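Input: a single structure, listed below in C-alpha cells.
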Amino acid sequence: MLSPSLDILAIAAHRDDVEQTCGGTLLKAAQRGQHTGILDLTQGEMGTRGTAEDRAREADDAAKILGVSWRRALDIPDGRVENTWENRLRVASVIRETRPRVVILPYWKGRHPDHYTASVLGYEACFLAGLAKLDLGPRTSDLSRHQQAELRAGRPQESRQDAGATKIAPHRPFKIVYATLYYDIRPSFVVDISDQFEAKFASILAYKSQFSDQEAGKDLFPAHEEIRARVEAMARFYGMLGGVNYAEPFLQKEVGLVEDLLSIPVKSI
C-alpha cells in the first residue's frame, strides 16, 4: 500500500537525530493538521549505547509523541552512510512514495560523517526522484536482503513484480531546508517551538538507551542531569534570535521572497 502524501519529510542518518534537530517543528506541523514523516537512513547498529532493536522501539515511541504520520528506517550501514548511486535511488524511491512538499535535511557540514553525507545524499535523491525517465522499479526497502543483493549484482529480478511494486510517478519536493542545530552557523530562519518544547524533550528522552545514566560512552554523552540543560540552552539561544522563548534553526539556500514589508516578523531594534 502506498503511503499518503506527506507535507513534510525529515531525513536523517540515525534514529534520534530528527528529534534533536527539528522534533518541535514536526510536532508543530502535526498540530496544524499537516502530515509529517521521518526517514532514518540507518538502523543505528553501531551506536555506542543500545542496540538497533532498542532504537527501533524507542523511535516508535518518539514518533507517537511527535505525532508523525509515517516513519521508516532503511538499512544503510550505520557509520558508513555513503552517497552511492544505489543509496540515492533508495532514498529517491521514498521521495516518490511519500511525495513530500517540504524535505528537511541535516546541514551539509558537521562532526559526524554520516550527518553531512546524509545531507548531500538526500539532496541528490530529491533531484533524482523528479526525473521522469528514471525508472526506480520496486522500492528497494520492500525487497529482501537477498533480492537487494541480486539487484546489486545485476541479476534479473523475477521477483520485481512479486514485491508488489508499481511504477510511481516522479516527484520533487517544492522546498528543501536544512536543520542546523548540529553546526554553529547563523540560520536563515527559526521556528518557534515554545509550545512544543516539552514534548520535543520528551521525544528525546524516549531514547532511554541513549540518554540514561550509563558508563558506555560517558566521555561522549552528557550526564543525564545535564541533558535538559543543554537542550534547553540551545532552544533558548535560537529562540532569542527570533524573539521567542524556544526555537529550532534552519537554513535555506535560496533567497526568501517577501510580499509585504509590514508582515515581516521579528523586531529589528
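Every chain in the C-alpha cells takes a letter, A first, then B, and so on in the order presented; its residues are numbered from 1, and the ligands are numbered from 1 following the presented order.
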
Q. Which neighbours of range 34-40 of chain A fall inside 10 Å, counting only C-alpha atoms, when residues of the same chain fewer than 3 positions from it are skipped, and could you give them as a PyMOL selection string?
A. chain A and resi 4-19+23+25-31+43-44+59+63+66-76+91+94-95+98+100+102-104+118

Please, could you write that set of residues out with C-alpha atoms as a PDB file, in the first residue's frame?
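Final output, part_25.pdb:
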ATOM      1  CA  PRO A   4      -0.322   9.030   1.801  1.00  0.00           C
ATOM      2  CA  SER A   5       1.402  12.152   0.552  1.00  0.00           C
ATOM      3  CA  LEU A   6       3.344  13.962   3.254  1.00  0.00           C
ATOM      4  CA  ASP A   7       3.521  17.677   3.801  1.00  0.00           C
ATOM      5  CA  ILE A   8       6.937  17.445   5.480  1.00  0.00           C
ATOM      6  CA  LEU A   9       9.521  14.641   5.433  1.00  0.00           C
ATOM      7  CA  ALA A  10      12.590  14.864   7.684  1.00  0.00           C
ATOM      8  CA  ILE A  11      15.554  12.743   6.604  1.00  0.00           C
ATOM      9  CA  ALA A  12      18.436  11.963   8.961  1.00  0.00           C
ATOM     10  CA  ALA A  13      21.197   9.421   9.422  1.00  0.00           C
ATOM     11  CA  HIS A  14      20.203   7.998  12.801  1.00  0.00           C
ATOM     12  CA  ARG A  15      17.170   7.464  14.936  1.00  0.00           C
ATOM     13  CA  ASP A  16      17.040  10.363  17.429  1.00  0.00           C
ATOM     14  CA  ASP A  17      18.721  12.875  15.056  1.00  0.00           C
ATOM     15  CA  VAL A  18      15.397  14.311  13.916  1.00  0.00           C
ATOM     16  CA  GLU A  19      14.055  14.516  17.464  1.00  0.00           C
ATOM     17  CA  GLY A  23      11.314  17.484  16.546  1.00  0.00           C
ATOM     18  CA  THR A  25       8.926  21.777  14.207  1.00  0.00           C
ATOM     19  CA  LEU A  26       7.444  18.422  13.165  1.00  0.00           C
ATOM     20  CA  LEU A  27       5.137  18.403  16.182  1.00  0.00           C
ATOM     21  CA  LYS A  28       4.004  21.961  15.462  1.00  0.00           C
ATOM     22  CA  ALA A  29       3.192  20.965  11.878  1.00  0.00           C
ATOM     23  CA  ALA A  30       1.274  17.883  13.046  1.00  0.00           C
ATOM     24  CA  GLN A  31      -0.741  20.016  15.459  1.00  0.00           C
ATOM     25  CA  GLN A  43      19.253   1.096  11.953  1.00  0.00           C
ATOM     26  CA  GLY A  44      21.710   2.525  14.490  1.00  0.00           C
ATOM     27  CA  ALA A  59      11.838   5.530  17.600  1.00  0.00           C
ATOM     28  CA  ALA A  63       7.157   9.212  16.696  1.00  0.00           C
ATOM     29  CA  LEU A  66       5.716  13.991  17.837  1.00  0.00           C
ATOM     30  CA  GLY A  67       2.518  12.954  16.061  1.00  0.00           C
ATOM     31  CA  VAL A  68       4.262  11.904  12.850  1.00  0.00           C
ATOM     32  CA  SER A  69       2.116  10.140  10.261  1.00  0.00           C
ATOM     33  CA  TRP A  70       4.850   7.950   8.768  1.00  0.00           C
ATOM     34  CA  ARG A  71       8.251   6.630   9.791  1.00  0.00           C
ATOM     35  CA  ARG A  72      10.683   4.189   8.223  1.00  0.00           C
ATOM     36  CA  ALA A  73      14.322   3.183   8.702  1.00  0.00           C
ATOM     37  CA  LEU A  74      16.462   1.983   5.824  1.00  0.00           C
ATOM     38  CA  ASP A  75      19.327  -0.418   6.453  1.00  0.00           C
ATOM     39  CA  ILE A  76      22.222   1.625   5.101  1.00  0.00           C
ATOM     40  CA  VAL A  91      16.022   7.465  -0.932  1.00  0.00           C
ATOM     41  CA  VAL A  94      10.925   7.008  -0.701  1.00  0.00           C
ATOM     42  CA  ILE A  95      10.589  10.576  -2.019  1.00  0.00           C
ATOM     43  CA  THR A  98       5.703   9.766   0.197  1.00  0.00           C
ATOM     44  CA  PRO A 100       6.552  15.457   0.444  1.00  0.00           C
ATOM     45  CA  VAL A 102       8.970  20.029   2.111  1.00  0.00           C
ATOM     46  CA  VAL A 103      12.060  17.948   2.930  1.00  0.00           C
ATOM     47  CA  ILE A 104      14.199  18.687   5.982  1.00  0.00           C
ATOM     48  CA  ALA A 118      23.074  12.261   4.619  1.00  0.00           C
TER      49      ALA A 118
END

Residues of range 24-78 of chain A in alpha helix (DSSP H), written as a PDB file with N, CA, C and O atoms, in the first residue's frame:
ATOM      1  N   GLY A  24      10.518  19.603  17.427  1.00  0.00           N
ATOM      2  CA  GLY A  24       9.487  20.572  17.761  1.00  0.00           C
ATOM      3  C   GLY A  24       8.771  21.100  16.535  1.00  0.00           C
ATOM      4  O   GLY A  24       7.550  21.321  16.547  1.00  0.00           O
ATOM      5  N   THR A  25       9.514  21.300  15.459  1.00  0.00           N
ATOM      6  CA  THR A  25       8.926  21.777  14.207  1.00  0.00           C
ATOM      7  C   THR A  25       7.958  20.752  13.626  1.00  0.00           C
ATOM      8  O   THR A  25       6.875  21.106  13.146  1.00  0.00           O
ATOM      9  N   LEU A  26       8.344  19.467  13.665  1.00  0.00           N
ATOM     10  CA  LEU A  26       7.444  18.422  13.165  1.00  0.00           C
ATOM     11  C   LEU A  26       6.173  18.351  14.005  1.00  0.00           C
ATOM     12  O   LEU A  26       5.072  18.195  13.469  1.00  0.00           O
ATOM     13  N   LEU A  27       6.313  18.440  15.319  1.00  0.00           N
ATOM     14  CA  LEU A  27       5.137  18.403  16.182  1.00  0.00           C
ATOM     15  C   LEU A  27       4.231  19.594  15.903  1.00  0.00           C
ATOM     16  O   LEU A  27       3.001  19.459  15.838  1.00  0.00           O
ATOM     17  N   LYS A  28       4.803  20.764  15.743  1.00  0.00           N
ATOM     18  CA  LYS A  28       4.004  21.961  15.462  1.00  0.00           C
ATOM     19  C   LYS A  28       3.224  21.784  14.161  1.00  0.00           C
ATOM     20  O   LYS A  28       2.047  22.161  14.071  1.00  0.00           O
ATOM     21  N   ALA A  29       3.868  21.215  13.151  1.00  0.00           N
ATOM     22  CA  ALA A  29       3.192  20.965  11.878  1.00  0.00           C
ATOM     23  C   ALA A  29       2.051  19.967  12.057  1.00  0.00           C
ATOM     24  O   ALA A  29       0.950  20.152  11.513  1.00  0.00           O
ATOM     25  N   ALA A  30       2.309  18.889  12.814  1.00  0.00           N
ATOM     26  CA  ALA A  30       1.274  17.883  13.046  1.00  0.00           C
ATOM     27  C   ALA A  30       0.088  18.485  13.784  1.00  0.00           C
ATOM     28  O   ALA A  30      -1.077  18.156  13.492  1.00  0.00           O
ATOM     29  N   GLN A  31       0.347  19.372  14.715  1.00  0.00           N
ATOM     30  CA  GLN A  31      -0.741  20.016  15.459  1.00  0.00           C
ATOM     31  C   GLN A  31      -1.568  20.933  14.574  1.00  0.00           C
ATOM     32  O   GLN A  31      -2.714  21.239  14.897  1.00  0.00           O
ATOM     33  N   ALA A  52      20.194  -1.888  17.798  1.00  0.00           N
ATOM     34  CA  ALA A  52      19.270  -1.447  16.748  1.00  0.00           C
ATOM     35  C   ALA A  52      17.829  -1.743  17.143  1.00  0.00           C
ATOM     36  O   ALA A  52      16.919  -0.954  16.858  1.00  0.00           O
ATOM     37  N   GLU A  53      17.613  -2.877  17.805  1.00  0.00           N
ATOM     38  CA  GLU A  53      16.266  -3.234  18.241  1.00  0.00           C
ATOM     39  C   GLU A  53      15.755  -2.260  19.300  1.00  0.00           C
ATOM     40  O   GLU A  53      14.584  -1.859  19.280  1.00  0.00           O
ATOM     41  N   ASP A  54      16.633  -1.867  20.226  1.00  0.00           N
ATOM     42  CA  ASP A  54      16.258  -0.874  21.237  1.00  0.00           C
ATOM     43  C   ASP A  54      15.822   0.425  20.563  1.00  0.00           C
ATOM     44  O   ASP A  54      14.786   1.003  20.891  1.00  0.00           O
ATOM     45  N   ARG A  55      16.615   0.855  19.626  1.00  0.00           N
ATOM     46  CA  ARG A  55      16.361   2.148  19.000  1.00  0.00           C
ATOM     47  C   ARG A  55      15.119   2.108  18.119  1.00  0.00           C
ATOM     48  O   ARG A  55      14.441   3.139  17.950  1.00  0.00           O
ATOM     49  N   ALA A  56      14.797   0.943  17.560  1.00  0.00           N
ATOM     50  CA  ALA A  56      13.568   0.827  16.768  1.00  0.00           C
ATOM     51  C   ALA A  56      12.341   1.033  17.655  1.00  0.00           C
ATOM     52  O   ALA A  56      11.410   1.760  17.293  1.00  0.00           O
ATOM     53  N   ARG A  57      12.345   0.393  18.814  1.00  0.00           N
ATOM     54  CA  ARG A  57      11.224   0.573  19.744  1.00  0.00           C
ATOM     55  C   ARG A  57      11.153   2.013  20.236  1.00  0.00           C
ATOM     56  O   ARG A  57      10.064   2.608  20.325  1.00  0.00           O
ATOM     57  N   GLU A  58      12.296   2.577  20.537  1.00  0.00           N
ATOM     58  CA  GLU A  58      12.317   3.948  21.035  1.00  0.00           C
ATOM     59  C   GLU A  58      11.885   4.941  19.961  1.00  0.00           C
ATOM     60  O   GLU A  58      11.211   5.945  20.260  1.00  0.00           O
ATOM     61  N   ALA A  59      12.247   4.659  18.706  1.00  0.00           N
ATOM     62  CA  ALA A  59      11.838   5.530  17.600  1.00  0.00           C
ATOM     63  C   ALA A  59      10.324   5.533  17.443  1.00  0.00           C
ATOM     64  O   ALA A  59       9.715   6.574  17.154  1.00  0.00           O
ATOM     65  N   ASP A  60       9.697   4.378  17.617  1.00  0.00           N
ATOM     66  CA  ASP A  60       8.237   4.307  17.557  1.00  0.00           C
ATOM     67  C   ASP A  60       7.608   5.151  18.662  1.00  0.00           C
ATOM     68  O   ASP A  60       6.627   5.865  18.432  1.00  0.00           O
ATOM     69  N   ASP A  61       8.164   5.058  19.852  1.00  0.00           N
ATOM     70  CA  ASP A  61       7.642   5.846  20.972  1.00  0.00           C
ATOM     71  C   ASP A  61       7.800   7.343  20.707  1.00  0.00           C
ATOM     72  O   ASP A  61       6.885   8.135  20.954  1.00  0.00           O
ATOM     73  N   ALA A  62       8.961   7.723  20.190  1.00  0.00           N
ATOM     74  CA  ALA A  62       9.210   9.141  19.905  1.00  0.00           C
ATOM     75  C   ALA A  62       8.280   9.649  18.810  1.00  0.00           C
ATOM     76  O   ALA A  62       7.783  10.783  18.877  1.00  0.00           O
ATOM     77  N   ALA A  63       8.037   8.812  17.799  1.00  0.00           N
ATOM     78  CA  ALA A  63       7.157   9.212  16.696  1.00  0.00           C
ATOM     79  C   ALA A  63       5.744   9.499  17.194  1.00  0.00           C
ATOM     80  O   ALA A  63       5.079  10.434  16.728  1.00  0.00           O
ATOM     81  N   LYS A  64       5.282   8.700  18.140  1.00  0.00           N
ATOM     82  CA  LYS A  64       3.950   8.933  18.703  1.00  0.00           C
ATOM     83  C   LYS A  64       3.898  10.262  19.437  1.00  0.00           C
ATOM     84  O   LYS A  64       2.908  10.998  19.347  1.00  0.00           O
ATOM     85  N   ILE A  65       4.946  10.575  20.167  1.00  0.00           N
ATOM     86  CA  ILE A  65       4.979  11.845  20.901  1.00  0.00           C
ATOM     87  C   ILE A  65       4.941  13.022  19.929  1.00  0.00           C
ATOM     88  O   ILE A  65       4.269  14.033  20.174  1.00  0.00           O
ATOM     89  N   LEU A  66       5.638  12.899  18.804  1.00  0.00           N
ATOM     90  CA  LEU A  66       5.716  13.991  17.837  1.00  0.00           C
ATOM     91  C   LEU A  66       4.561  13.993  16.845  1.00  0.00           C
ATOM     92  O   LEU A  66       4.463  14.902  16.019  1.00  0.00           O
TER      93      LEU A  66
END

**Asked** What does the distance from CA of Leu131 in chain A to CA of Pro170 in chain A come to in Å, to one decimal?
**Response**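 Spanning CA of Leu131 in chain A to CA of Pro170 in chain A is a straight-line distance of 6.1 Å.
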